[in-house]
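**Q** Contents of final.cif (mmCIF, all heavy atoms) are below:
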data_target
loop_
_atom_site.label_atom_id
_atom_site.label_comp_id
_atom_site.auth_asym_id
_atom_site.auth_seq_id
_atom_site.Cartn_x
_atom_site.Cartn_y
_atom_site.Cartn_z
N MET A 1 -136.41 -69.17 174.31
CA MET A 1 -135.39 -69.21 173.28
C MET A 1 -135.93 -68.51 172.03
O MET A 1 -137.09 -68.67 171.70
CB MET A 1 -135.05 -70.66 172.94
CG MET A 1 -134.48 -71.49 174.08
SD MET A 1 -132.84 -71.01 174.62
CE MET A 1 -131.87 -71.50 173.24
N PRO A 2 -135.07 -67.79 171.34
CA PRO A 2 -135.50 -67.17 170.08
C PRO A 2 -135.85 -68.25 169.05
O PRO A 2 -135.21 -69.30 169.01
CB PRO A 2 -134.27 -66.38 169.63
CG PRO A 2 -133.43 -66.23 170.85
CD PRO A 2 -133.73 -67.41 171.71
N PRO A 3 -136.86 -68.01 168.22
CA PRO A 3 -137.22 -69.01 167.22
C PRO A 3 -136.13 -69.15 166.15
O PRO A 3 -135.41 -68.20 165.86
CB PRO A 3 -138.51 -68.46 166.61
CG PRO A 3 -138.49 -67.01 166.90
CD PRO A 3 -137.71 -66.84 168.17
N VAL A 4 -136.02 -70.34 165.59
CA VAL A 4 -135.08 -70.59 164.50
C VAL A 4 -135.85 -71.20 163.33
O VAL A 4 -136.90 -71.80 163.51
CB VAL A 4 -133.92 -71.52 164.93
CG1 VAL A 4 -133.07 -70.87 165.99
CG2 VAL A 4 -134.45 -72.85 165.43
N ASP A 5 -135.31 -71.04 162.13
CA ASP A 5 -135.96 -71.57 160.94
C ASP A 5 -135.56 -73.01 160.63
O ASP A 5 -136.30 -73.73 159.98
CB ASP A 5 -135.63 -70.70 159.72
CG ASP A 5 -136.19 -69.28 159.88
OD1 ASP A 5 -137.28 -69.13 160.47
OD2 ASP A 5 -135.53 -68.34 159.42
N SER A 6 -134.37 -73.43 161.09
CA SER A 6 -133.88 -74.77 160.77
C SER A 6 -132.93 -75.25 161.86
O SER A 6 -132.13 -74.47 162.37
CB SER A 6 -133.15 -74.74 159.43
OG SER A 6 -132.51 -75.99 159.19
N VAL A 7 -133.00 -76.52 162.18
CA VAL A 7 -132.06 -77.09 163.15
C VAL A 7 -130.76 -77.50 162.47
O VAL A 7 -129.82 -77.93 163.13
CB VAL A 7 -132.67 -78.30 163.89
CG1 VAL A 7 -133.85 -77.88 164.73
CG2 VAL A 7 -133.05 -79.41 162.93
N GLU A 8 -130.69 -77.37 161.15
CA GLU A 8 -129.48 -77.71 160.41
C GLU A 8 -128.57 -76.50 160.18
O GLU A 8 -127.47 -76.65 159.68
CB GLU A 8 -129.86 -78.35 159.08
CG GLU A 8 -130.59 -79.67 159.27
CD GLU A 8 -131.04 -80.30 157.97
OE1 GLU A 8 -130.73 -79.75 156.90
OE2 GLU A 8 -131.69 -81.35 158.02
N ASP A 9 -129.03 -75.31 160.53
CA ASP A 9 -128.24 -74.09 160.39
C ASP A 9 -127.69 -73.66 161.74
O ASP A 9 -128.12 -74.16 162.79
CB ASP A 9 -129.09 -72.96 159.82
CG ASP A 9 -129.52 -73.21 158.38
OD1 ASP A 9 -128.77 -73.88 157.66
OD2 ASP A 9 -130.60 -72.73 158.00
N TYR A 10 -126.76 -72.72 161.73
CA TYR A 10 -126.25 -72.17 162.97
C TYR A 10 -127.37 -71.43 163.70
O TYR A 10 -128.23 -70.81 163.07
CB TYR A 10 -125.10 -71.20 162.71
CG TYR A 10 -123.84 -71.90 162.25
CD1 TYR A 10 -123.41 -71.81 160.93
CD2 TYR A 10 -123.09 -72.63 163.14
CE1 TYR A 10 -122.26 -72.46 160.52
CE2 TYR A 10 -121.92 -73.28 162.75
CZ TYR A 10 -121.52 -73.18 161.43
OH TYR A 10 -120.38 -73.82 161.02
N GLY A 11 -127.36 -71.49 165.01
CA GLY A 11 -128.38 -70.82 165.81
C GLY A 11 -128.05 -69.37 166.05
O GLY A 11 -127.07 -68.83 165.52
N PRO A 12 -128.86 -68.69 166.88
CA PRO A 12 -128.70 -67.26 167.09
C PRO A 12 -127.58 -66.88 168.06
O PRO A 12 -127.26 -65.71 168.18
CB PRO A 12 -130.06 -66.84 167.65
CG PRO A 12 -130.55 -68.06 168.36
CD PRO A 12 -130.05 -69.22 167.53
N PHE A 13 -126.95 -67.84 168.73
CA PHE A 13 -125.94 -67.54 169.74
C PHE A 13 -124.54 -67.87 169.24
O PHE A 13 -124.32 -68.92 168.66
CB PHE A 13 -126.19 -68.33 171.03
CG PHE A 13 -127.51 -68.03 171.68
CD1 PHE A 13 -128.59 -68.88 171.50
CD2 PHE A 13 -127.67 -66.90 172.45
CE1 PHE A 13 -129.81 -68.61 172.07
CE2 PHE A 13 -128.89 -66.61 173.05
CZ PHE A 13 -129.96 -67.47 172.85
N GLN A 14 -123.59 -66.97 169.51
CA GLN A 14 -122.18 -67.27 169.29
C GLN A 14 -121.77 -68.27 170.37
O GLN A 14 -122.23 -68.18 171.50
CB GLN A 14 -121.33 -66.00 169.38
CG GLN A 14 -121.61 -65.01 168.29
CD GLN A 14 -121.18 -65.52 166.94
OE1 GLN A 14 -120.16 -66.18 166.80
NE2 GLN A 14 -121.99 -65.26 165.93
N VAL A 15 -120.88 -69.19 170.03
CA VAL A 15 -120.51 -70.27 170.96
C VAL A 15 -119.06 -70.11 171.42
O VAL A 15 -118.19 -69.75 170.64
CB VAL A 15 -120.70 -71.64 170.28
CG1 VAL A 15 -120.23 -72.76 171.19
CG2 VAL A 15 -122.15 -71.84 169.89
N VAL A 16 -118.84 -70.41 172.69
CA VAL A 16 -117.50 -70.46 173.28
C VAL A 16 -117.26 -71.90 173.69
O VAL A 16 -118.16 -72.57 174.22
CB VAL A 16 -117.40 -69.54 174.52
CG1 VAL A 16 -116.10 -69.76 175.26
CG2 VAL A 16 -117.55 -68.09 174.12
N ILE A 17 -116.05 -72.40 173.45
CA ILE A 17 -115.68 -73.76 173.88
C ILE A 17 -114.58 -73.63 174.92
O ILE A 17 -113.49 -73.14 174.63
CB ILE A 17 -115.18 -74.61 172.70
CG1 ILE A 17 -116.25 -74.68 171.62
CG2 ILE A 17 -114.81 -76.01 173.19
CD1 ILE A 17 -115.77 -75.32 170.34
N ASP A 18 -114.89 -74.04 176.16
CA ASP A 18 -113.90 -74.06 177.24
C ASP A 18 -113.33 -75.48 177.29
O ASP A 18 -114.06 -76.43 177.58
CB ASP A 18 -114.54 -73.71 178.58
CG ASP A 18 -115.15 -72.32 178.59
OD1 ASP A 18 -114.55 -71.41 177.98
OD2 ASP A 18 -116.23 -72.15 179.19
N LYS A 19 -112.04 -75.61 176.99
CA LYS A 19 -111.40 -76.93 176.96
C LYS A 19 -110.61 -77.17 178.24
O LYS A 19 -110.25 -76.24 178.94
CB LYS A 19 -110.48 -77.05 175.75
CG LYS A 19 -111.20 -76.92 174.43
CD LYS A 19 -110.24 -77.00 173.28
CE LYS A 19 -110.97 -76.86 171.95
NZ LYS A 19 -110.05 -76.90 170.81
N ASP A 20 -110.33 -78.44 178.50
CA ASP A 20 -109.53 -78.85 179.67
C ASP A 20 -110.15 -78.39 180.97
O ASP A 20 -109.50 -77.78 181.81
CB ASP A 20 -108.09 -78.32 179.55
CG ASP A 20 -107.40 -78.78 178.27
OD1 ASP A 20 -107.61 -79.93 177.89
OD2 ASP A 20 -106.67 -77.98 177.67
N VAL A 21 -111.44 -78.69 181.15
CA VAL A 21 -112.14 -78.32 182.38
C VAL A 21 -112.54 -79.58 183.13
O VAL A 21 -112.51 -80.69 182.59
CB VAL A 21 -113.38 -77.46 182.07
CG1 VAL A 21 -112.97 -76.15 181.44
CG2 VAL A 21 -114.37 -78.19 181.21
N GLY A 22 -112.91 -79.43 184.37
CA GLY A 22 -113.34 -80.55 185.20
C GLY A 22 -112.20 -81.08 186.04
O GLY A 22 -111.06 -80.63 185.94
N PRO A 23 -112.52 -82.04 186.92
CA PRO A 23 -111.53 -82.53 187.86
C PRO A 23 -110.30 -83.17 187.21
O PRO A 23 -109.20 -83.06 187.73
CB PRO A 23 -112.27 -83.55 188.70
CG PRO A 23 -113.65 -83.62 188.21
CD PRO A 23 -113.82 -82.65 187.09
N ASN A 24 -110.49 -83.83 186.05
CA ASN A 24 -109.33 -84.47 185.42
C ASN A 24 -108.81 -83.66 184.22
O ASN A 24 -107.96 -84.13 183.49
CB ASN A 24 -109.67 -85.90 184.99
CG ASN A 24 -110.80 -85.95 183.98
OD1 ASN A 24 -111.28 -84.92 183.51
ND2 ASN A 24 -111.23 -87.15 183.64
N ARG A 25 -109.37 -82.47 184.04
CA ARG A 25 -108.95 -81.53 182.97
C ARG A 25 -109.13 -82.14 181.57
O ARG A 25 -108.44 -81.77 180.64
CB ARG A 25 -107.50 -81.08 183.16
CG ARG A 25 -107.14 -80.58 184.55
CD ARG A 25 -107.76 -79.29 184.92
NE ARG A 25 -107.22 -78.21 184.06
CZ ARG A 25 -107.76 -77.02 183.97
NH1 ARG A 25 -108.82 -76.74 184.66
NH2 ARG A 25 -107.25 -76.11 183.18
N LYS A 26 -110.07 -83.08 181.41
CA LYS A 26 -110.32 -83.69 180.10
C LYS A 26 -111.68 -83.33 179.54
O LYS A 26 -112.09 -83.85 178.51
CB LYS A 26 -110.19 -85.22 180.21
CG LYS A 26 -108.80 -85.69 180.50
CD LYS A 26 -108.71 -87.20 180.52
CE LYS A 26 -107.30 -87.65 180.81
NZ LYS A 26 -107.19 -89.11 180.82
N GLY A 27 -112.42 -82.44 180.21
CA GLY A 27 -113.76 -82.09 179.76
C GLY A 27 -113.77 -80.84 178.89
O GLY A 27 -112.83 -80.04 178.90
N TRP A 28 -114.84 -80.71 178.13
CA TRP A 28 -115.08 -79.52 177.33
C TRP A 28 -116.46 -78.98 177.69
O TRP A 28 -117.39 -79.75 177.93
CB TRP A 28 -115.08 -79.84 175.85
CG TRP A 28 -113.76 -80.15 175.23
CD1 TRP A 28 -112.61 -80.53 175.86
CD2 TRP A 28 -113.44 -80.14 173.84
NE1 TRP A 28 -111.61 -80.75 174.95
CE2 TRP A 28 -112.10 -80.52 173.69
CE3 TRP A 28 -114.17 -79.87 172.71
CZ2 TRP A 28 -111.48 -80.61 172.46
CZ3 TRP A 28 -113.54 -79.96 171.48
CH2 TRP A 28 -112.21 -80.32 171.36
N VAL A 29 -116.61 -77.68 177.71
CA VAL A 29 -117.90 -77.04 177.94
C VAL A 29 -118.21 -76.16 176.72
O VAL A 29 -117.40 -75.30 176.36
CB VAL A 29 -117.89 -76.17 179.22
CG1 VAL A 29 -119.18 -75.39 179.36
CG2 VAL A 29 -117.65 -77.03 180.44
N PHE A 30 -119.34 -76.41 176.09
CA PHE A 30 -119.83 -75.59 174.98
C PHE A 30 -120.94 -74.72 175.55
O PHE A 30 -121.89 -75.24 176.12
CB PHE A 30 -120.40 -76.47 173.86
CG PHE A 30 -119.38 -77.35 173.21
CD1 PHE A 30 -118.96 -78.52 173.80
CD2 PHE A 30 -118.84 -77.00 171.98
CE1 PHE A 30 -118.02 -79.34 173.19
CE2 PHE A 30 -117.90 -77.80 171.36
CZ PHE A 30 -117.49 -78.97 171.96
N ARG A 31 -120.83 -73.41 175.38
CA ARG A 31 -121.81 -72.51 175.98
C ARG A 31 -121.98 -71.27 175.12
O ARG A 31 -121.10 -70.93 174.31
CB ARG A 31 -121.39 -72.12 177.39
CG ARG A 31 -120.07 -71.36 177.43
CD ARG A 31 -119.70 -70.92 178.84
NE ARG A 31 -118.42 -70.25 178.87
CZ ARG A 31 -118.22 -68.98 178.58
NH1 ARG A 31 -119.23 -68.22 178.22
NH2 ARG A 31 -117.02 -68.45 178.65
N PRO A 32 -123.10 -70.56 175.29
CA PRO A 32 -123.26 -69.30 174.59
C PRO A 32 -122.20 -68.29 175.06
O PRO A 32 -121.87 -68.24 176.24
CB PRO A 32 -124.66 -68.83 174.98
CG PRO A 32 -125.37 -70.06 175.43
CD PRO A 32 -124.31 -70.93 176.03
N ALA A 33 -121.69 -67.50 174.13
CA ALA A 33 -120.66 -66.51 174.49
C ALA A 33 -121.21 -65.45 175.42
O ALA A 33 -120.51 -64.99 176.32
CB ALA A 33 -120.09 -65.88 173.22
N ASN A 34 -122.45 -65.05 175.22
CA ASN A 34 -123.07 -64.00 176.05
C ASN A 34 -124.29 -64.57 176.75
O ASN A 34 -125.40 -64.50 176.23
CB ASN A 34 -123.46 -62.81 175.17
CG ASN A 34 -122.28 -62.15 174.53
OD1 ASN A 34 -121.30 -61.86 175.20
ND2 ASN A 34 -122.33 -61.94 173.23
N LEU A 35 -124.07 -65.13 177.93
CA LEU A 35 -125.18 -65.68 178.69
C LEU A 35 -126.18 -64.57 179.01
O LEU A 35 -125.79 -63.45 179.33
CB LEU A 35 -124.67 -66.32 179.98
CG LEU A 35 -123.82 -67.57 179.79
CD1 LEU A 35 -123.23 -68.00 181.12
CD2 LEU A 35 -124.64 -68.70 179.19
N GLY A 36 -127.44 -64.89 178.89
CA GLY A 36 -128.48 -63.92 179.18
C GLY A 36 -128.79 -62.99 178.01
O GLY A 36 -129.55 -62.04 178.17
N SER A 37 -128.23 -63.25 176.84
CA SER A 37 -128.48 -62.38 175.69
C SER A 37 -129.75 -62.80 174.95
O SER A 37 -130.29 -63.88 175.16
CB SER A 37 -127.29 -62.39 174.75
OG SER A 37 -127.10 -63.67 174.20
N LEU A 38 -130.21 -61.95 174.08
CA LEU A 38 -131.39 -62.18 173.23
C LEU A 38 -132.64 -62.48 174.06
O LEU A 38 -133.51 -63.23 173.64
CB LEU A 38 -131.13 -63.29 172.21
CG LEU A 38 -129.98 -63.06 171.24
CD1 LEU A 38 -129.79 -64.27 170.34
CD2 LEU A 38 -130.21 -61.81 170.41
N GLY A 39 -132.72 -61.91 175.25
CA GLY A 39 -133.91 -62.07 176.08
C GLY A 39 -134.02 -63.40 176.80
O GLY A 39 -135.04 -63.69 177.40
N VAL A 40 -132.96 -64.21 176.77
CA VAL A 40 -133.00 -65.51 177.45
C VAL A 40 -132.34 -65.35 178.82
O VAL A 40 -131.18 -64.98 178.92
CB VAL A 40 -132.25 -66.59 176.63
CG1 VAL A 40 -132.23 -67.91 177.38
CG2 VAL A 40 -132.89 -66.74 175.27
N GLU A 41 -133.10 -65.60 179.88
CA GLU A 41 -132.56 -65.45 181.23
C GLU A 41 -131.88 -66.71 181.73
O GLU A 41 -130.98 -66.65 182.56
CB GLU A 41 -133.67 -65.04 182.20
CG GLU A 41 -134.23 -63.66 181.89
CD GLU A 41 -135.32 -63.26 182.85
OE1 GLU A 41 -135.47 -63.90 183.90
OE2 GLU A 41 -136.04 -62.30 182.54
N ALA A 42 -132.32 -67.87 181.26
CA ALA A 42 -131.74 -69.13 181.71
C ALA A 42 -131.61 -70.06 180.50
O ALA A 42 -132.59 -70.34 179.82
CB ALA A 42 -132.60 -69.79 182.78
N HIS A 43 -130.40 -70.50 180.21
CA HIS A 43 -130.16 -71.42 179.12
C HIS A 43 -130.29 -72.86 179.61
O HIS A 43 -129.88 -73.17 180.72
CB HIS A 43 -128.75 -71.20 178.54
CG HIS A 43 -128.59 -69.87 177.89
ND1 HIS A 43 -128.85 -69.65 176.57
CD2 HIS A 43 -128.18 -68.68 178.39
CE1 HIS A 43 -128.60 -68.39 176.27
NE2 HIS A 43 -128.21 -67.78 177.35
N PRO A 44 -130.85 -73.76 178.79
CA PRO A 44 -130.94 -75.16 179.20
C PRO A 44 -129.55 -75.80 179.30
O PRO A 44 -128.62 -75.35 178.63
CB PRO A 44 -131.77 -75.82 178.10
CG PRO A 44 -131.60 -74.93 176.92
CD PRO A 44 -131.38 -73.55 177.46
N ILE A 45 -129.44 -76.82 180.10
CA ILE A 45 -128.17 -77.54 180.27
C ILE A 45 -128.33 -78.92 179.65
O ILE A 45 -129.27 -79.65 179.95
CB ILE A 45 -127.80 -77.67 181.76
CG1 ILE A 45 -127.61 -76.28 182.36
CG2 ILE A 45 -126.56 -78.52 181.93
CD1 ILE A 45 -127.45 -76.29 183.85
N PHE A 46 -127.38 -79.29 178.78
CA PHE A 46 -127.36 -80.61 178.17
C PHE A 46 -126.03 -81.26 178.54
O PHE A 46 -124.98 -80.64 178.43
CB PHE A 46 -127.46 -80.52 176.64
CG PHE A 46 -128.75 -79.93 176.16
CD1 PHE A 46 -128.84 -78.59 175.89
CD2 PHE A 46 -129.86 -80.73 176.00
CE1 PHE A 46 -130.04 -78.03 175.46
CE2 PHE A 46 -131.06 -80.19 175.56
CZ PHE A 46 -131.14 -78.83 175.28
N LEU A 47 -126.09 -82.51 178.96
CA LEU A 47 -124.89 -83.25 179.33
C LEU A 47 -124.72 -84.42 178.37
O LEU A 47 -125.68 -85.10 178.03
CB LEU A 47 -124.97 -83.77 180.75
CG LEU A 47 -125.11 -82.73 181.84
CD1 LEU A 47 -125.30 -83.40 183.18
CD2 LEU A 47 -123.91 -81.82 181.88
N TYR A 48 -123.49 -84.66 177.95
CA TYR A 48 -123.18 -85.80 177.10
C TYR A 48 -121.88 -86.41 177.59
O TYR A 48 -120.93 -85.70 177.91
CB TYR A 48 -123.04 -85.37 175.64
CG TYR A 48 -122.52 -86.48 174.77
CD1 TYR A 48 -123.39 -87.45 174.29
CD2 TYR A 48 -121.17 -86.58 174.45
CE1 TYR A 48 -122.91 -88.48 173.51
CE2 TYR A 48 -120.71 -87.63 173.68
CZ TYR A 48 -121.57 -88.56 173.21
OH TYR A 48 -121.10 -89.58 172.45
N GLY A 49 -121.82 -87.70 177.64
CA GLY A 49 -120.60 -88.37 178.05
C GLY A 49 -120.47 -89.70 177.32
O GLY A 49 -121.45 -90.24 176.82
N PRO A 50 -119.25 -90.24 177.25
CA PRO A 50 -119.03 -91.48 176.54
C PRO A 50 -119.58 -92.71 177.25
O PRO A 50 -119.63 -93.78 176.67
CB PRO A 50 -117.51 -91.54 176.40
CG PRO A 50 -117.01 -90.78 177.58
CD PRO A 50 -118.02 -89.69 177.79
N GLY A 51 -119.96 -92.58 178.50
CA GLY A 51 -120.48 -93.72 179.24
C GLY A 51 -119.36 -94.66 179.68
O GLY A 51 -118.19 -94.40 179.47
N GLY A 52 -119.75 -95.74 180.32
CA GLY A 52 -118.75 -96.71 180.70
C GLY A 52 -118.49 -96.84 182.12
O GLY A 52 -118.68 -96.35 183.07
#
Take the structure in the file and give it back as structure tokens.

**A**
Amino acid sequence: MPPVDSVEDYGPFQVVIDKDVGPNRKGWVFRPANLGSLGVEAHPIFLYGPGG
């Protein structure tokens, strides 16, 4: 990953939000707009859910 100066500022990647995804069409996916850009071949995957 490219180095950043602060975790409180925007990072080096433009973000795309894909809404209404998944089996029940209630999920959102946040991802870099240009996968594989800035010398990164594989982006990490983070999952978050409300639990329950």

**Q** Do you know which residues are at most 4.5 Å from Asp18 (chain A) counting all heavy atoms, after dropping those on the same chain fewer than 3 positions away, and could you put them as JSON, numbers by chain?

**A** {"A": [21, 27, 28, 29, 31]}

**Q** Of the candidates A:Ile17, A:Val4, A:Asp9, A:Phe30, which one gets nearest to Leu47 (chain A) if we count only C-alpha atoms?

**A**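 Of A:Ile17, A:Val4, A:Asp9, A:Phe30, the one nearest Leu47 (chain A), counting only C-alpha atoms, is A:Phe30.
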
**Q** Give me, please, the distance in Å between CG of Leu38 (chain A) and CG of Glu8 (chain A), quoted to one decimal.

**A**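 Computing the Euclidean distance for CG of Leu38 (chain A) and CG of Glu8 (chain A) yields 20.5 Å.
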
**Q** One decimal, in Å: what's the spacing between CA of Gly11 (chain A) and CA of Gly36 (chain A)?

**A**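 Distance between the two atoms: 15.0 Å.
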
**Q** Please return as a list in words: the residues of chain A that backbone DSSP assigns to strand (DSSP E).

**A** Val15, Val16, Ile17, Asp18, Lys19, Asp20, Val21, Gly27, Trp28, Val29, Phe30, Arg31 and Pro32 of chain A

**Q** Nearest to Ser37 (chain A): which of A:Lys19, A:Asn24, A:Phe13, A:Val7 is it, counting all atoms listed in the file?

**A**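 Nearest to Ser37 (chain A): A:Phe13.
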
**Q** What does the distance between CG of Leu35 (chain A) and OE1 of Gln14 (chain A) come to in Å, to one decimal place?

**A**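 Answer for the CG of Leu35 (chain A) to OE1 of Gln14 (chain A) separation: 13.6 Å.
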